[in-house]
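Structure, as structure tokens:
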Amino acid sequence: MRRTDLVACLGMAALLAGCQPTMETQVGTDTADGPRVVAASDIEAGRYVVLVGGCNDCHTPQYAMTGGARPPESEWLKGSTEGHTGPWETSYGKNLRLTVAGHSEDEWVQLLSTGASLPPMPWPSVRAMSEPDKRAVYRYIKSLPGDPGQPAPPPLPPGATPPAPAV
Ligand code: HEC
């Protein structure tokens with residue numbers, strides 16, 4: 001975007017907000033009428049958010065940590081055995097299919113809005129997702145076919161040597 005366009009847009013945004021920008025006007029706030037992905041269906045919108053949100057990187061084994069072929073969609077989000085080690089312990093991206101199966105859509109929205117757990121789960125980004133996108137992600141994960149898989153390994157305490165692979 002050219003600088004003049006940006007200035008024009010900012011001016012328009014200020015006008016629309018009554019020249020009193022508030023938190024509600026920021027991109028990514030968690031409101032029912034916040035910014036949202038527009039797609040042919042909620043499921044398509046959810047798939048897109050999962051893809052660009054990088055959820056597979058940590059919640060699907062061999063998605064990001066290999067340079068080769070990525071697992072098919074039928075294997076997505078079943079939880080990862082690839083450990084993330086740091087001062088926080090070793091954590092594993094949980095099986096989100098099981099999380100969705102154990103939560104109503106409203107509970108999922110609540111979880112994504114208030115979630116806090118071990119790194120490197122990017123909670124600040126996920127909490128900032130708008131409510132319609134959180135609901136779309138839920139519907140997408142719920143629509144995934146096949147066996148939901150097993151729970152990811154529980155976190156290991158600090159100092160424990162995790163089995164490979166771990167980063
Ligand atoms: C950089 C790695 C990483 C990325 C990217 C990531 N996660 Fe996570 N996520 C984790 C880890 C690790 C945990 C488990 C943390 C723990 O054990 O305390 C987790 C936990 C969760 C949980 C809690 C599940 C439960 O049952 O308690 C949810 C929900 C979740 N992630 C959703 C998402 C979504 C949605 C995305 C994409 C927008 C995403 N995550 C992207 C690493 C990641």
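Letters A, B, ... mark the chains of the structure tokens in the order given; residue numbers begin at 1 per chain; ligand numbers begin at 1, in order shown.
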Considering only C-alpha atoms and all ligand atoms, give me a table of residues in chain A that are at most 8 Å from ligand 1, with the closest atom pair and distance in Å for each, as JSON lines.
{"residue": "A:Val49", "atom": "CA", "partner": "ligand 1", "partner_atom_place_in_ligand_line": "38 (C)", "distance": 6.7}
{"residue": "A:Val50", "atom": "CA", "partner": "ligand 1", "partner_atom_place_in_ligand_line": "37 (C)", "distance": 5.4}
{"residue": "A:Leu51", "atom": "CA", "partner": "ligand 1", "partner_atom_place_in_ligand_line": "37 (C)", "distance": 7.9}
{"residue": "A:Val52", "atom": "CA", "partner": "ligand 1", "partner_atom_place_in_ligand_line": "38 (C)", "distance": 7.7}
{"residue": "A:Gly53", "atom": "CA", "partner": "ligand 1", "partner_atom_place_in_ligand_line": "38 (C)", "distance": 4.2}
{"residue": "A:Gly54", "atom": "CA", "partner": "ligand 1", "partner_atom_place_in_ligand_line": "5 (C)", "distance": 4.8}
{"residue": "A:Cys55", "atom": "CA", "partner": "ligand 1", "partner_atom_place_in_ligand_line": "37 (C)", "distance": 3.3}
{"residue": "A:Asn56", "atom": "CA", "partner": "ligand 1", "partner_atom_place_in_ligand_line": "5 (C)", "distance": 6.8}
{"residue": "A:Asp57", "atom": "CA", "partner": "ligand 1", "partner_atom_place_in_ligand_line": "5 (C)", "distance": 5.4}
{"residue": "A:Cys58", "atom": "CA", "partner": "ligand 1", "partner_atom_place_in_ligand_line": "2 (C)", "distance": 4.3}
{"residue": "A:His59", "atom": "CA", "partner": "ligand 1", "partner_atom_place_in_ligand_line": "7 (N)", "distance": 6.1}
{"residue": "A:Gly83", "atom": "CA", "partner": "ligand 1", "partner_atom_place_in_ligand_line": "12 (C)", "distance": 7.7}
{"residue": "A:His84", "atom": "CA", "partner": "ligand 1", "partner_atom_place_in_ligand_line": "12 (C)", "distance": 6.6}
{"residue": "A:Ser91", "atom": "CA", "partner": "ligand 1", "partner_atom_place_in_ligand_line": "12 (C)", "distance": 4.7}
{"residue": "A:Tyr92", "atom": "CA", "partner": "ligand 1", "partner_atom_place_in_ligand_line": "12 (C)", "distance": 4.3}
{"residue": "A:Gly93", "atom": "CA", "partner": "ligand 1", "partner_atom_place_in_ligand_line": "11 (C)", "distance": 3.7}
{"residue": "A:Lys94", "atom": "CA", "partner": "ligand 1", "partner_atom_place_in_ligand_line": "14 (C)", "distance": 5.2}
{"residue": "A:Asn95", "atom": "CA", "partner": "ligand 1", "partner_atom_place_in_ligand_line": "26 (O)", "distance": 6.8}
{"residue": "A:Leu96", "atom": "CA", "partner": "ligand 1", "partner_atom_place_in_ligand_line": "24 (C)", "distance": 6.0}
{"residue": "A:Leu98", "atom": "CA", "partner": "ligand 1", "partner_atom_place_in_ligand_line": "26 (O)", "distance": 7.2}
{"residue": "A:Thr99", "atom": "CA", "partner": "ligand 1", "partner_atom_place_in_ligand_line": "26 (O)", "distance": 4.5}
{"residue": "A:Val100", "atom": "CA", "partner": "ligand 1", "partner_atom_place_in_ligand_line": "26 (O)", "distance": 8.0}
{"residue": "A:Trp108", "atom": "CA", "partner": "ligand 1", "partner_atom_place_in_ligand_line": "29 (C)", "distance": 7.3}
{"residue": "A:Leu111", "atom": "CA", "partner": "ligand 1", "partner_atom_place_in_ligand_line": "29 (C)", "distance": 6.5}
{"residue": "A:Leu112", "atom": "CA", "partner": "ligand 1", "partner_atom_place_in_ligand_line": "29 (C)", "distance": 5.9}
{"residue": "A:Gly115", "atom": "CA", "partner": "ligand 1", "partner_atom_place_in_ligand_line": "23 (C)", "distance": 7.1}
{"residue": "A:Ala116", "atom": "CA", "partner": "ligand 1", "partner_atom_place_in_ligand_line": "18 (O)", "distance": 7.6}
{"residue": "A:Ser117", "atom": "CA", "partner": "ligand 1", "partner_atom_place_in_ligand_line": "18 (O)", "distance": 4.0}
{"residue": "A:Leu118", "atom": "CA", "partner": "ligand 1", "partner_atom_place_in_ligand_line": "18 (O)", "distance": 3.7}
{"residue": "A:Pro119", "atom": "CA", "partner": "ligand 1", "partner_atom_place_in_ligand_line": "12 (C)", "distance": 5.8}
{"residue": "A:Pro120", "atom": "CA", "partner": "ligand 1", "partner_atom_place_in_ligand_line": "1 (C)", "distance": 4.7}
{"residue": "A:Met121", "atom": "CA", "partner": "ligand 1", "partner_atom_place_in_ligand_line": "42 (C)", "distance": 3.6}
{"residue": "A:Pro122", "atom": "CA", "partner": "ligand 1", "partner_atom_place_in_ligand_line": "6 (C)", "distance": 5.7}
{"residue": "A:Trp123", "atom": "CA", "partner": "ligand 1", "partner_atom_place_in_ligand_line": "8 (Fe)", "distance": 7.5}
{"residue": "A:Ser125", "atom": "CA", "partner": "ligand 1", "partner_atom_place_in_ligand_line": "38 (C)", "distance": 7.5}
{"residue": "A:Val126", "atom": "CA", "partner": "ligand 1", "partner_atom_place_in_ligand_line": "38 (C)", "distance": 5.6}
{"residue": "A:Lys134", "atom": "CA", "partner": "ligand 1", "partner_atom_place_in_ligand_line": "35 (C)", "distance": 7.8}
{"residue": "A:Val137", "atom": "CA", "partner": "ligand 1", "partner_atom_place_in_ligand_line": "35 (C)", "distance": 6.9}
{"residue": "A:Pro154", "atom": "CA", "partner": "ligand 1", "partner_atom_place_in_ligand_line": "17 (O)", "distance": 6.7}
{"residue": "A:Pro155", "atom": "CA", "partner": "ligand 1", "partner_atom_place_in_ligand_line": "17 (O)", "distance": 5.6}
Could you give me, as a ChimeraX atom specification, each residue of stretch 8-143 of chain A that DSSP assigns to helix (DSSP H, G or I) when run on this structure's backbone?
-> /A:8-16,23-25,42-52,55-59,73-75,96-101,105-114,123-128,131-143
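Residues of stretch 8-155 of chain A assigned to strand (DSSP E) by DSSP on this structure's backbone: His84, Thr85, Gly86, Glu89, Thr90 and Ser91 of chain A.
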Based on the selection just made, write all heavy atoms of those residues as a compact mmCIF listing (two decimals), in the first residue's frame.
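Heads up, here's the output in again-v6.txt:
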# COMPACT_ATOMS: atom_id res chain seq x y z
N HIS A 84 8.74 -29.82 22.33
CA HIS A 84 9.29 -28.45 22.33
C HIS A 84 9.91 -28.23 23.70
O HIS A 84 9.20 -28.09 24.69
CB HIS A 84 8.18 -27.42 22.09
CG HIS A 84 7.46 -27.63 20.80
ND1 HIS A 84 7.86 -27.05 19.61
CD2 HIS A 84 6.38 -28.37 20.51
CE1 HIS A 84 7.04 -27.42 18.65
NE2 HIS A 84 6.13 -28.21 19.16
N THR A 85 11.23 -28.22 23.73
CA THR A 85 11.93 -28.15 25.02
C THR A 85 12.43 -26.75 25.31
O THR A 85 12.95 -26.07 24.42
CB THR A 85 13.12 -29.13 25.00
OG1 THR A 85 12.63 -30.44 24.74
CG2 THR A 85 13.83 -29.16 26.34
N GLY A 86 12.27 -26.32 26.54
CA GLY A 86 12.76 -25.02 26.99
C GLY A 86 12.69 -24.97 28.49
O GLY A 86 12.42 -26.00 29.13
N GLU A 89 9.73 -26.80 30.42
CA GLU A 89 9.62 -28.26 30.35
C GLU A 89 9.68 -28.65 28.88
O GLU A 89 10.13 -27.87 28.05
CB GLU A 89 8.33 -28.88 30.94
CG GLU A 89 7.50 -28.01 31.83
CD GLU A 89 6.33 -28.70 32.51
OE1 GLU A 89 5.88 -29.78 32.09
OE2 GLU A 89 5.85 -28.12 33.50
N THR A 90 9.22 -29.85 28.59
CA THR A 90 9.03 -30.23 27.18
C THR A 90 7.54 -30.36 26.96
O THR A 90 6.86 -31.11 27.67
CB THR A 90 9.74 -31.56 26.87
OG1 THR A 90 11.15 -31.39 27.05
CG2 THR A 90 9.47 -32.00 25.44
N SER A 91 7.02 -29.61 26.00
CA SER A 91 5.58 -29.63 25.74
C SER A 91 5.30 -30.25 24.38
O SER A 91 6.17 -30.28 23.50
CB SER A 91 5.01 -28.21 25.80
OG SER A 91 5.63 -27.39 24.84
At what distance in Å, to one decimal, does atom CA of A:Met129 lie from atom CA of A:Thr114?
-> 11.4 Å
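Each of A:Gln62, A:Ser113, A:Ser41, A:Thr81 was compared to A:Ser130 using only C-alpha atoms, and A:Ser113 turns out to be the nearest.
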Could you check which of A:Pro162, A:Pro145, A:Pro132, A:Pro153 is closest to A:Ala45, using only C-alpha atoms?
->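 Using only C-alpha atoms, A:Ala45 sits closest to A:Pro132.
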From atom CA of A:Ile43 to atom CA of A:Glu131 the spacing works out at 14.4 Å
Could you please determine the separation between atom CA of A:Val167 and atom CA of A:Arg70 in Å, to one decimal place?
-> 18.4 Å
Distance criterion (only C-alpha atoms): nearest to A:Pro158 out of A:Pro87, A:Gly146, A:His103, A:Arg139 | A:Pro87
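Candidate residues A:Ala152, A:Glu82, A:Tyr48, A:Arg127 were compared for distance to A:Tyr63, and the nearest is A:Glu82, using only C-alpha atoms.
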